[in-house]
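The file input33.tsv comes next; it holds TSV, C-alpha atoms and all ligand atoms.
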chain	number	residue	atom	x	y	z
A	30	MET	CA	-111.18	-255.97	-99.43
A	31	SER	CA	-110.04	-255.34	-95.84
A	32	ALA	CA	-112.40	-255.82	-92.88
A	33	ALA	CA	-112.35	-252.05	-92.24
A	34	ALA	CA	-113.33	-251.28	-95.85
A	35	LEU	CA	-116.03	-253.94	-95.72
A	36	SER	CA	-117.58	-252.56	-92.52
A	37	VAL	CA	-118.47	-249.29	-94.32
A	38	TRP	CA	-120.87	-251.31	-96.51
A	39	MET	CA	-122.67	-253.00	-93.63
A	40	PRO	CA	-126.26	-251.74	-93.20
A	41	TRP	CA	-125.67	-251.10	-89.47
A	42	THR	CA	-122.57	-248.91	-89.82
A	43	ASP	CA	-122.20	-245.21	-90.56
A	44	ARG	CA	-120.03	-243.74	-93.29
A	45	ALA	CA	-116.96	-244.09	-91.12
A	46	GLY	CA	-117.65	-247.81	-90.63
A	47	ARG	CA	-118.65	-247.36	-86.95
A	48	LEU	CA	-121.70	-249.13	-85.51
A	49	SER	CA	-124.76	-246.84	-85.71
A	50	TRP	CA	-127.42	-247.77	-83.15
A	51	LEU	CA	-130.01	-245.83	-85.13
A	52	LYS	CA	-129.26	-247.83	-88.28
A	53	LEU	CA	-129.16	-251.12	-86.39
A	54	ALA	CA	-132.52	-250.44	-84.67
A	55	THR	CA	-134.09	-249.39	-87.98
A	56	LEU	CA	-132.76	-252.49	-89.72
A	57	LEU	CA	-134.16	-254.79	-87.03
A	58	ALA	CA	-137.52	-252.97	-87.09
A	59	LEU	CA	-137.66	-253.36	-90.88
A	60	ILE	CA	-136.81	-257.05	-90.82
A	61	ALA	CA	-139.29	-257.82	-88.00
A	62	PRO	CA	-142.49	-257.83	-90.14
A	63	ALA	CA	-140.91	-260.31	-92.59
A	64	ILE	CA	-139.89	-262.62	-89.74
A	65	TRP	CA	-143.36	-262.29	-88.21
A	66	MET	CA	-144.99	-263.23	-91.53
A	67	VAL	CA	-142.73	-266.27	-91.97
A	68	TYR	CA	-143.48	-267.32	-88.38
A	69	LYS	CA	-147.27	-266.97	-88.86
A	70	PHE	CA	-147.06	-268.94	-92.10
A	71	GLU	CA	-145.02	-271.74	-90.52
A	72	ALA	CA	-147.27	-271.83	-87.46
A	73	GLY	CA	-150.41	-272.00	-89.62
A	74	LEU	CA	-151.81	-268.78	-88.17
A	75	TYR	CA	-153.20	-267.50	-91.46
A	76	SER	CA	-156.57	-268.28	-93.05
A	77	PRO	CA	-157.07	-271.31	-95.32
A	78	LYS	CA	-155.63	-269.09	-98.09
A	79	PRO	CA	-152.30	-268.14	-96.48
A	80	ILE	CA	-150.62	-266.87	-99.65
A	81	THR	CA	-153.45	-264.42	-100.30
A	82	ASP	CA	-153.08	-263.23	-96.71
A	83	LEU	CA	-149.35	-262.82	-97.25
A	84	VAL	CA	-149.95	-260.82	-100.45
A	85	ARG	CA	-152.11	-258.43	-98.42
A	86	GLU	CA	-149.80	-258.22	-95.43
A	87	SER	CA	-146.65	-257.61	-97.50
A	88	GLY	CA	-148.56	-254.90	-99.43
A	89	ASP	CA	-149.56	-253.29	-96.14
A	90	TRP	CA	-145.94	-253.19	-94.98
A	91	ALA	CA	-144.74	-251.90	-98.35
A	92	ILE	CA	-147.02	-248.86	-98.20
A	93	ARG	CA	-146.38	-248.21	-94.49
A	94	ILE	CA	-142.61	-248.19	-94.97
A	95	LEU	CA	-142.88	-246.13	-98.16
A	96	VAL	CA	-144.89	-243.44	-96.36
A	97	LEU	CA	-142.47	-243.60	-93.40
A	98	SER	CA	-139.53	-243.07	-95.76
A	99	LEU	CA	-141.16	-239.83	-96.90
A	100	ALA	CA	-141.30	-238.60	-93.30
A	101	VAL	CA	-137.51	-238.47	-92.99
A	102	THR	CA	-136.95	-235.23	-94.90
A	103	PRO	CA	-139.75	-233.19	-93.23
A	104	LEU	CA	-138.70	-234.48	-89.80
A	105	ARG	CA	-135.12	-233.51	-90.46
A	106	TYR	CA	-136.13	-230.01	-91.28
A	107	VAL	CA	-139.09	-229.17	-89.08
A	108	ALA	CA	-137.97	-231.13	-86.01
A	109	ARG	CA	-134.24	-230.66	-86.72
A	110	LEU	CA	-133.65	-234.41	-86.58
A	111	ASN	CA	-130.84	-234.22	-89.09
A	112	ARG	CA	-129.37	-237.58	-88.15
A	113	LEU	CA	-132.40	-239.37	-89.61
A	114	ILE	CA	-130.86	-238.97	-93.05
A	115	ILE	CA	-128.74	-242.08	-92.45
A	116	VAL	CA	-131.83	-244.31	-92.44
A	117	ARG	CA	-133.69	-242.80	-95.42
A	118	ARG	CA	-132.06	-245.08	-97.97
A	119	MET	CA	-132.68	-248.14	-95.80
A	120	LEU	CA	-136.38	-247.27	-95.55
A	121	GLY	CA	-136.67	-246.76	-99.31
A	122	LEU	CA	-134.97	-250.07	-100.05
A	123	ALA	CA	-137.13	-251.88	-97.49
A	124	ALA	CA	-140.28	-250.44	-99.10
A	125	LEU	CA	-139.13	-251.82	-102.45
A	126	PHE	CA	-138.20	-255.16	-100.84
A	127	TYR	CA	-141.72	-255.60	-99.38
A	128	THR	CA	-143.25	-254.47	-102.69
A	129	LEU	CA	-141.26	-257.05	-104.64
A	130	ALA	CA	-142.14	-259.73	-102.07
A	131	HIS	CA	-145.80	-258.66	-102.44
A	132	ILE	CA	-145.62	-259.11	-106.22
A	133	ALA	CA	-143.70	-262.40	-105.97
A	134	LEU	CA	-146.28	-263.79	-103.53
A	135	TRP	CA	-149.06	-262.74	-105.87
A	136	CYS	CA	-147.31	-264.70	-108.66
A	137	VAL	CA	-147.09	-267.69	-106.30
A	138	ASP	CA	-150.81	-267.27	-105.55
A	139	LEU	CA	-151.49	-267.48	-109.28
A	140	ARG	CA	-149.18	-270.52	-109.48
A	141	PHE	CA	-146.86	-268.67	-111.86
A	142	ALA	CA	-149.46	-268.76	-114.65
A	143	TRP	CA	-147.53	-266.15	-116.63
A	144	MET	CA	-150.23	-265.55	-119.24
A	145	THR	CA	-152.83	-264.87	-116.53
A	146	ILE	CA	-150.33	-262.67	-114.68
A	147	ALA	CA	-149.59	-260.60	-117.80
A	148	LEU	CA	-153.30	-260.27	-118.67
A	149	GLU	CA	-154.22	-259.28	-115.10
A	150	LEU	CA	-151.49	-256.63	-115.04
A	151	VAL	CA	-152.86	-255.08	-118.20
A	152	LEU	CA	-156.60	-255.57	-117.75
A	153	ARG	CA	-157.13	-254.85	-114.05
A	154	LEU	CA	-156.60	-251.16	-113.55
A	155	PHE	CA	-155.61	-251.40	-109.87
A	156	LEU	CA	-152.81	-253.82	-110.80
A	157	THR	CA	-151.62	-251.64	-113.69
A	158	VAL	CA	-151.45	-248.67	-111.31
A	159	GLY	CA	-149.48	-250.78	-108.78
A	160	LEU	CA	-147.13	-251.92	-111.53
A	161	ILE	CA	-146.37	-248.35	-112.63
A	162	GLY	CA	-145.74	-247.40	-108.99
A	163	THR	CA	-143.30	-250.30	-108.67
A	164	LEU	CA	-141.52	-249.50	-111.94
A	165	ILE	CA	-140.94	-245.95	-110.70
A	166	MET	CA	-139.47	-247.21	-107.42
A	167	ILE	CA	-136.83	-249.40	-109.10
A	168	PRO	CA	-134.55	-246.69	-110.62
A	169	LEU	CA	-134.86	-244.74	-107.38
A	170	ALA	CA	-133.57	-247.71	-105.40
A	171	LEU	CA	-130.78	-248.35	-107.90
A	172	THR	CA	-129.52	-244.76	-107.70
A	173	SER	CA	-129.99	-244.20	-103.98
A	174	ASN	CA	-126.26	-244.28	-103.26
A	175	ASP	CA	-123.21	-242.03	-103.61
A	176	MET	CA	-122.41	-243.51	-107.00
A	177	GLY	CA	-125.91	-242.62	-108.21
A	178	ILE	CA	-125.53	-239.03	-107.04
A	179	ARG	CA	-122.07	-238.73	-108.62
A	180	TYR	CA	-123.26	-240.26	-111.89
A	181	LEU	CA	-126.41	-238.12	-112.21
A	182	GLY	CA	-125.25	-234.93	-110.49
A	183	ALA	CA	-127.14	-233.54	-107.49
A	184	GLN	CA	-129.74	-231.66	-109.51
A	185	LYS	CA	-130.78	-234.52	-111.77
A	186	TRP	CA	-130.67	-236.90	-108.81
A	187	ASN	CA	-133.07	-234.66	-106.85
A	188	VAL	CA	-135.46	-234.46	-109.81
A	189	LEU	CA	-135.37	-238.25	-110.28
A	190	HIS	CA	-135.92	-238.89	-106.59
A	191	SER	CA	-138.86	-236.50	-106.38
A	192	TRP	CA	-140.67	-239.25	-108.35
A	193	VAL	CA	-140.99	-241.10	-105.06
A	194	TYR	CA	-144.06	-238.93	-104.42
A	195	VAL	CA	-145.62	-240.10	-107.70
A	196	ALA	CA	-144.81	-243.73	-106.80
A	197	THR	CA	-146.43	-243.27	-103.38
A	198	LEU	CA	-149.50	-241.60	-104.85
A	199	LEU	CA	-149.94	-244.46	-107.33
A	200	SER	CA	-149.46	-247.02	-104.55
A	201	LEU	CA	-152.15	-245.27	-102.50
A	202	ILE	CA	-154.52	-245.26	-105.47
A	203	HIS	CA	-153.76	-248.99	-105.97
A	204	TYR	CA	-154.59	-249.54	-102.29
A	205	PHE	CA	-157.84	-247.57	-102.41
A	206	MET	CA	-158.97	-249.33	-105.58
A	207	GLU	CA	-158.47	-252.70	-103.91
A	208	VAL	CA	-160.11	-251.90	-100.56
A	209	ARG	CA	-163.43	-253.65	-100.06
A	210	LEU	CA	-165.18	-252.89	-96.78
A	211	ASP	CA	-162.87	-251.15	-94.39
A	212	ALA	CA	-160.90	-248.24	-95.82
A	213	SER	CA	-159.47	-247.13	-92.45
A	214	GLU	CA	-155.83	-247.98	-93.02
A	215	ALA	CA	-155.89	-246.77	-96.62
A	216	ALA	CA	-157.36	-243.48	-95.37
A	217	LEU	CA	-154.69	-243.30	-92.65
A	218	MET	CA	-151.86	-243.79	-95.16
A	219	CYS	CA	-153.43	-241.21	-97.48
A	220	GLY	CA	-153.84	-238.77	-94.60
A	221	LEU	CA	-150.21	-239.17	-93.53
A	222	PHE	CA	-149.16	-238.60	-97.14
A	223	VAL	CA	-151.24	-235.39	-97.22
A	224	LEU	CA	-149.64	-234.33	-93.91
A	225	LEU	CA	-146.12	-234.90	-95.25
A	226	MET	CA	-146.90	-233.02	-98.45
A	227	ALA	CA	-148.35	-230.17	-96.40
A	228	PHE	CA	-145.19	-230.02	-94.25
A	229	ARG	CA	-143.18	-229.62	-97.44
A	230	ALA	CA	-145.49	-226.82	-98.59
A	231	VAL	CA	-145.13	-225.03	-95.24
A	232	ARG	CA	-141.37	-225.34	-95.43
A	233	LYS	CA	-141.36	-223.67	-98.83
A	234	SER	CA	-143.92	-220.94	-98.06
A	235	PHE	CA	-143.34	-219.81	-94.49
A	236	VAL	CA	-141.35	-220.35	-91.32
A	237	PRO	CA	-142.43	-223.72	-89.91
A	238	GLY	CA	-143.15	-222.51	-86.35
A	239	PHE	CA	-145.49	-224.27	-83.89
A	240	VAL	CA	-148.65	-222.42	-85.01
A	241	ASN	CA	-148.06	-223.11	-88.70
A	242	LEU	CA	-147.22	-226.76	-88.10
A	243	ALA	CA	-150.24	-227.27	-85.82
A	244	GLY	CA	-152.37	-225.59	-88.50
A	245	VAL	CA	-151.01	-228.05	-91.05
A	246	ALA	CA	-151.93	-230.91	-88.71
A	247	VAL	CA	-155.53	-229.68	-88.39
A	248	VAL	CA	-155.94	-229.14	-92.15
A	249	SER	CA	-154.47	-232.61	-92.88
A	250	GLY	CA	-156.78	-234.22	-90.32
A	251	VAL	CA	-159.82	-232.57	-91.91
A	252	ALA	CA	-158.57	-233.58	-95.39
A	253	THR	CA	-158.26	-237.19	-94.19
A	254	ALA	CA	-161.86	-237.21	-92.93
A	255	ALA	CA	-163.02	-235.69	-96.23
A	256	LEU	CA	-161.08	-238.23	-98.32
A	257	GLU	CA	-162.45	-241.13	-96.30
A	258	ALA	CA	-166.01	-239.83	-96.62
A	259	LEU	CA	-165.54	-239.31	-100.35
A	260	TYR	CA	-164.27	-242.87	-100.74
A	261	TYR	CA	-167.34	-244.33	-99.01
A	262	LYS	CA	-169.62	-242.01	-100.97
A	263	LEU	CA	-168.17	-243.19	-104.30
A	264	SER	CA	-167.94	-246.89	-103.49
A	265	THR	CA	-170.89	-247.57	-101.18
A	266	THR	CA	-174.33	-246.24	-100.40
A	267	VAL	CA	-173.24	-244.91	-97.00
A	268	SER	CA	-174.04	-241.19	-96.73
A	269	ILE	CA	-171.14	-238.77	-96.60
A	270	TRP	CA	-172.45	-237.25	-93.33
A	271	ARG	CA	-172.62	-240.61	-91.62
A	272	VAL	CA	-168.92	-241.21	-92.31
A	273	ILE	CA	-168.00	-237.69	-91.21
A	274	SER	CA	-170.04	-237.95	-88.01
A	275	ALA	CA	-168.38	-241.34	-87.26
A	276	ASN	CA	-165.26	-239.27	-86.62
A	277	LEU	CA	-166.95	-237.90	-83.50
A	278	ASP	CA	-167.99	-241.29	-82.15
A	279	PHE	CA	-165.13	-242.76	-80.10
A	280	SER	CA	-167.04	-245.72	-78.67
A	281	TYR	CA	-166.01	-248.13	-81.44
A	282	THR	CA	-162.70	-246.93	-82.86
A	283	ILE	CA	-160.63	-243.80	-83.40
A	284	ARG	CA	-160.92	-242.71	-87.03
A	285	PRO	CA	-157.80	-242.12	-89.21
A	286	ALA	CA	-158.35	-238.33	-89.23
A	287	TRP	CA	-157.54	-238.18	-85.50
A	288	TRP	CA	-154.35	-240.22	-85.90
A	289	VAL	CA	-153.21	-237.89	-88.68
A	290	LEU	CA	-154.00	-234.88	-86.49
A	291	LEU	CA	-152.12	-236.48	-83.57
A	292	ALA	CA	-149.06	-237.27	-85.73
A	293	GLY	CA	-149.01	-233.68	-87.02
A	294	VAL	CA	-149.41	-232.14	-83.56
A	295	MET	CA	-146.64	-234.38	-82.19
A	296	VAL	CA	-144.29	-233.15	-84.90
A	297	ALA	CA	-145.30	-229.53	-84.12
A	298	VAL	CA	-144.59	-230.07	-80.41
A	299	LEU	CA	-141.30	-231.84	-81.14
A	300	ALA	CA	-140.25	-228.99	-83.44
A	301	GLU	CA	-141.08	-226.45	-80.73
A	302	VAL	CA	-139.17	-228.40	-78.07
A	303	ARG	CA	-136.14	-228.74	-80.35
A	304	VAL	CA	-136.17	-225.00	-81.09
A	305	ARG	CA	-136.60	-224.00	-77.45
A	306	PHE	CA	-133.92	-226.32	-76.19
A	307	GLY	CA	-131.45	-225.02	-78.70
A	308	ALA	CA	-131.14	-227.80	-81.29
A	309	LYS	CA	-129.04	-226.53	-84.12
A	310	ALA	CA	-131.09	-225.83	-87.22
A	311	ALA	CA	-130.86	-228.65	-89.68
A	312	ARG	CA	-128.79	-227.88	-92.66
A	313	ASN	CA	-131.07	-226.38	-95.21
A	314	THR	CA	-131.07	-229.54	-97.25
A	315	PHE	CA	-134.78	-230.06	-97.53
A	316	ALA	CA	-134.02	-232.07	-100.61
A	317	LYS	CA	-136.72	-233.06	-103.01
B	401	LIG	C1	-147.00	-255.07	-110.05
B	401	LIG	C2	-147.30	-254.44	-108.94
B	401	LIG	C3	-148.33	-254.91	-107.93
B	401	LIG	C4	-149.14	-256.01	-107.96
B	401	LIG	C5	-149.25	-257.10	-109.03
B	401	LIG	C6	-149.94	-255.99	-106.77
B	401	LIG	C7	-150.89	-256.93	-106.44
B	401	LIG	C8	-151.84	-256.79	-105.45
B	401	LIG	C9	-152.99	-257.60	-105.24
B	401	LIG	C10	-153.37	-258.81	-106.11
B	401	LIG	C11	-153.66	-257.14	-104.19
B	401	LIG	C12	-154.98	-257.64	-103.64
B	401	LIG	C13	-154.75	-258.71	-102.61
B	401	LIG	C14	-156.11	-259.28	-102.20
B	401	LIG	O1	-156.89	-258.58	-101.58
B	401	LIG	O2	-156.37	-260.43	-102.54
B	401	LIG	C15	-152.92	-256.00	-103.69
B	401	LIG	C16	-153.25	-255.25	-102.60
B	401	LIG	C17	-152.43	-254.32	-102.05
B	401	LIG	N1	-151.24	-253.84	-102.56
B	401	LIG	FE1	-150.41	-254.38	-104.28
B	401	LIG	N2	-149.57	-254.91	-106.04
B	401	LIG	C18	-148.60	-254.22	-106.71
B	401	LIG	C19	-147.97	-253.07	-106.29
B	401	LIG	C20	-148.10	-252.53	-105.06
B	401	LIG	C21	-147.33	-251.45	-104.51
B	401	LIG	C22	-146.24	-250.69	-105.29
B	401	LIG	C23	-147.75	-251.24	-103.24
B	401	LIG	C24	-147.25	-250.25	-102.23
B	401	LIG	C25	-146.02	-249.83	-102.13
B	401	LIG	C26	-148.82	-252.17	-102.98
B	401	LIG	C27	-149.54	-252.24	-101.82
B	401	LIG	C28	-150.72	-252.93	-101.68
B	401	LIG	C29	-151.59	-252.81	-100.54
B	401	LIG	C30	-151.39	-251.91	-99.33
B	401	LIG	C31	-152.67	-253.67	-100.77
B	401	LIG	C32	-153.87	-253.90	-99.87
B	401	LIG	C33	-153.57	-254.96	-98.86
B	401	LIG	C34	-154.75	-255.21	-97.94
B	401	LIG	O3	-155.87	-255.45	-98.44
B	401	LIG	O4	-154.54	-255.19	-96.72
B	401	LIG	N3	-148.99	-252.95	-104.11
B	401	LIG	N4	-151.81	-255.80	-104.49
The structure given in the file should be rewritten as structure tokens.
Amino acid sequence: MSAAALSVWMPWTDRAGRLSWLKLATLLALIAPAIWMVYKFEAGLYSPKPITDLVRESGDWAIRILVLSLAVTPLRYVARLNRLIIVRRMLGLAALFYTLAHIALWCVDLRFAWMTIALELVLRLFLTVGLIGTLIMIPLALTSNDMGIRYLGAQKWNVLHSWVYVATLLSLIHYFMEVRLDASEAALMCGLFVLLMAFRAVRKSFVPGFVNLAGVAVVSGVATAALEALYYKLSTTVSIWRVISANLDFSYTIRPAWWVLLAGVMVAVLAEVRVRFGAKAARNTFAK
């Protein structure tokens, strides 16, 4: 294969084989957490149970990147950032990479005791849920290329790839079931997922102008607060009103609901700016 033909396959080049700064920056940002984890491990910066810490941290990155990958399509449409499409596949593959690393590290943590691993996967519901989420992600990763689209046809491919939402939902349930004391990040990921789903709904139901998008941000923020309160209600003795009122106390931390609201409002503002300053409407490829 010639060097020119090879360059098309490099993760930092576009379809024409030219260097894409967007792809290169995304690639480096996606590799950074893995390098950081290796560094912390080598430098002995983890607790006395470093592998358990690594299981957690790789899981955290897996869900963050998975949720981020879902943001590409809404951002392309509502904020007319059409170019983002070139990093969607990379984000999806990175989410699977961190998930597989997460599972592999868990196997290391259990010293590859295969019988225990198999029993845990079947008997502990949160692991079974995580396993199903992972199994759904695999065919999506395998078909997330031109060959996959050609082989399946655009319609079937879209249907198959809409399963990414099911995989994310299962991963979020897995996360919530595992959380012990602090559910802040799990609530944040859930809230961002709600926000992204709501953007999709807006796109399908009405024109995604500033008011509608800001409305979606407010509803998603409120939903995040409600979900968080419900979680604490079901898993602890903390009263639902105490959790909700913690959202109005900024002296300790800013609750996930506000971050979700902020993310939604930022997208609404970005969309408005892009419209006002004449960005061409994204192709109407708000694919599933
Ligand atoms: C076979 C599949 C999976 C297995 C065996 C597995 C295993 C585990 C285990 C054992 C923990 C608890 C770690 C601890 O607190 O000691 C955990 C937590 C977690 N997992 Fe998974 N997992 C799987 C799939 C997934 C998937 C698909 C995702 C997301 C894409 C994910 C994300 C997470 C997250 C975010 C946590 C919480 C980390 C934290 O406490 O900070 N896992 N997983």
| Top pick for closest residue to Pro103 of chain A, considering A:Arg153, A:Arg179, A:Arg117, A:Lys78 and counting all atoms listed in the file |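 Looking at the shortest contact to Pro103 of chain A, the residue is A:Arg117.
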| message | Restricting the calculation to all atoms listed in the file: of A:Pro40, A:Gly177, A:Gly293, A:Pro285, which residue gets closest to Phe228 of chain A? | response |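 Going through A:Pro40, A:Gly177, A:Gly293, A:Pro285 one by one, the smallest distance to Phe228 of chain A is for A:Gly293.
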Near segment 215-226 of chain A, counting all atoms listed in the file, which residues have an atom at most 9 Å away, once you skip same-chain residues fewer than 5 positions from it, shown as a tab-separated table (two decimals) with C-alpha atoms, in the frame of the given file?
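And here is the file that came out, part37.tsv:
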chain	number	residue	atom	x	y	z
A	92	ILE	CA	-147.02	-248.86	-98.20
A	93	ARG	CA	-146.38	-248.21	-94.49
A	96	VAL	CA	-144.89	-243.44	-96.36
A	97	LEU	CA	-142.47	-243.60	-93.40
A	99	LEU	CA	-141.16	-239.83	-96.90
A	100	ALA	CA	-141.30	-238.60	-93.30
A	103	PRO	CA	-139.75	-233.19	-93.23
A	194	TYR	CA	-144.06	-238.93	-104.42
A	197	THR	CA	-146.43	-243.27	-103.38
A	198	LEU	CA	-149.50	-241.60	-104.85
A	201	LEU	CA	-152.15	-245.27	-102.50
A	204	TYR	CA	-154.59	-249.54	-102.29
A	205	PHE	CA	-157.84	-247.57	-102.41
A	208	VAL	CA	-160.11	-251.90	-100.56
A	231	VAL	CA	-145.13	-225.03	-95.24
A	245	VAL	CA	-151.01	-228.05	-91.05
A	246	ALA	CA	-151.93	-230.91	-88.71
A	248	VAL	CA	-155.94	-229.14	-92.15
A	249	SER	CA	-154.47	-232.61	-92.88
A	250	GLY	CA	-156.78	-234.22	-90.32
A	252	ALA	CA	-158.57	-233.58	-95.39
A	253	THR	CA	-158.26	-237.19	-94.19
A	254	ALA	CA	-161.86	-237.21	-92.93
A	256	LEU	CA	-161.08	-238.23	-98.32
A	257	GLU	CA	-162.45	-241.13	-96.30
A	260	TYR	CA	-164.27	-242.87	-100.74
A	284	ARG	CA	-160.92	-242.71	-87.03
A	285	PRO	CA	-157.80	-242.12	-89.21
A	286	ALA	CA	-158.35	-238.33	-89.23
A	288	TRP	CA	-154.35	-240.22	-85.90
A	289	VAL	CA	-153.21	-237.89	-88.68
A	290	LEU	CA	-154.00	-234.88	-86.49
A	292	ALA	CA	-149.06	-237.27	-85.73
A	293	GLY	CA	-149.01	-233.68	-87.02
| request: Pick out the closest residue to Leu120 of chain A from this set: A:Ser98, A:Ser200, A:Ala170, A:Pro79. Count all atoms listed in the file. | output: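 Among the listed residues, the smallest separation from Leu120 of chain A belongs to A:Ser98.
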Could you work out an axis-aligned bounding box for all listed atoms of ligand LIG 401 (chain B), with 6 Å added on each of the six sides, and give its centre and edge lengths in Å to one decimal, as lines of an AutoDock Vina configuration file?
center_x = -151.5
center_y = -255.1
center_z = -103.4
size_x = 22.9
size_y = 22.6
size_z = 25.3
| said: What does the list of residues within 6 Å of ligand LIG 401 (chain B) look like if you count all atoms listed in the file, written as JSON, numbers by chain? | reply: {"A": [81, 84, 85, 86, 88, 89, 91, 92, 128, 132, 135, 156, 159, 160, 162, 163, 200, 204, 207, 208]}
Tell me which protein, DNA and RNA residues are within 6 Å of Ala196 of chain A, counting all atoms listed in the file, leaving out same-chain ones fewer than 3 positions away, and put them as a compact mmCIF listing (two decimals) with C-alpha atoms, keeping the file's coordinate frame.
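Output below, filename result.txt:
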# COMPACT_ATOMS: atom_id res chain seq x y z
CA GLY A 162 -145.74 -247.40 -108.99
CA ILE A 165 -140.94 -245.95 -110.70
CA VAL A 193 -140.99 -241.10 -105.06
CA LEU A 199 -149.94 -244.46 -107.33
| said: Here is a test: counting only C-alpha atoms, which residue of A:Thr266, A:Asn187, A:Ser274, A:Asn174 is nearest to Trp38 of chain A? | reply: A:Asn174
Segment 208-220 of chain A written out with N, CA and C atoms as a PDB file, in the first residue's frame:
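So the final result, stored in decode24.pdb, reads:
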ATOM      1  N   VAL A 208     -22.745   3.098  42.678  1.00  0.00           N
ATOM      2  CA  VAL A 208     -22.409   4.270  43.492  1.00  0.00           C
ATOM      3  C   VAL A 208     -22.687   3.983  44.961  1.00  0.00           C
ATOM      4  N   ARG A 209     -21.765   4.452  45.820  1.00  0.00           N
ATOM      5  CA  ARG A 209     -22.006   4.235  47.255  1.00  0.00           C
ATOM      6  C   ARG A 209     -22.486   5.517  47.929  1.00  0.00           C
ATOM      7  N   LEU A 210     -21.551   6.456  48.154  1.00  0.00           N
ATOM      8  CA  LEU A 210     -21.949   7.649  48.909  1.00  0.00           C
ATOM      9  C   LEU A 210     -22.297   8.837  48.024  1.00  0.00           C
ATOM     10  N   ASP A 211     -21.375   9.148  47.121  1.00  0.00           N
ATOM     11  CA  ASP A 211     -21.533  10.373  46.350  1.00  0.00           C
ATOM     12  C   ASP A 211     -22.002  10.067  44.927  1.00  0.00           C
ATOM     13  N   ALA A 212     -23.231  10.456  44.633  1.00  0.00           N
ATOM     14  CA  ALA A 212     -23.781  10.149  43.308  1.00  0.00           C
ATOM     15  C   ALA A 212     -23.656  11.339  42.359  1.00  0.00           C
ATOM     16  N   SER A 213     -22.806  12.325  42.710  1.00  0.00           N
ATOM     17  CA  SER A 213     -22.764  13.561  41.912  1.00  0.00           C
ATOM     18  C   SER A 213     -22.411  13.318  40.447  1.00  0.00           C
ATOM     19  N   GLU A 214     -21.311  12.568  40.223  1.00  0.00           N
ATOM     20  CA  GLU A 214     -20.918  12.426  38.812  1.00  0.00           C
ATOM     21  C   GLU A 214     -21.899  11.547  38.043  1.00  0.00           C
ATOM     22  N   ALA A 215     -22.429  10.520  38.734  1.00  0.00           N
ATOM     23  CA  ALA A 215     -23.424   9.668  38.062  1.00  0.00           C
ATOM     24  C   ALA A 215     -24.639  10.514  37.675  1.00  0.00           C
ATOM     25  N   ALA A 216     -25.050  11.416  38.595  1.00  0.00           N
ATOM     26  CA  ALA A 216     -26.198  12.285  38.305  1.00  0.00           C
ATOM     27  C   ALA A 216     -25.863  13.233  37.156  1.00  0.00           C
ATOM     28  N   LEU A 217     -24.617  13.716  37.129  1.00  0.00           N
ATOM     29  CA  LEU A 217     -24.209  14.627  36.049  1.00  0.00           C
ATOM     30  C   LEU A 217     -24.284  13.912  34.697  1.00  0.00           C
ATOM     31  N   MET A 218     -23.739  12.693  34.631  1.00  0.00           N
ATOM     32  CA  MET A 218     -23.765  11.942  33.369  1.00  0.00           C
ATOM     33  C   MET A 218     -25.203  11.668  32.935  1.00  0.00           C
ATOM     34  N   CYS A 219     -26.037  11.304  33.922  1.00  0.00           N
ATOM     35  CA  CYS A 219     -27.455  11.041  33.635  1.00  0.00           C
ATOM     36  C   CYS A 219     -28.131  12.304  33.112  1.00  0.00           C
ATOM     37  N   GLY A 220     -27.834  13.422  33.780  1.00  0.00           N
ATOM     38  CA  GLY A 220     -28.444  14.695  33.379  1.00  0.00           C
ATOM     39  C   GLY A 220     -28.028  15.084  31.971  1.00  0.00           C
TER      40      GLY A 220
END
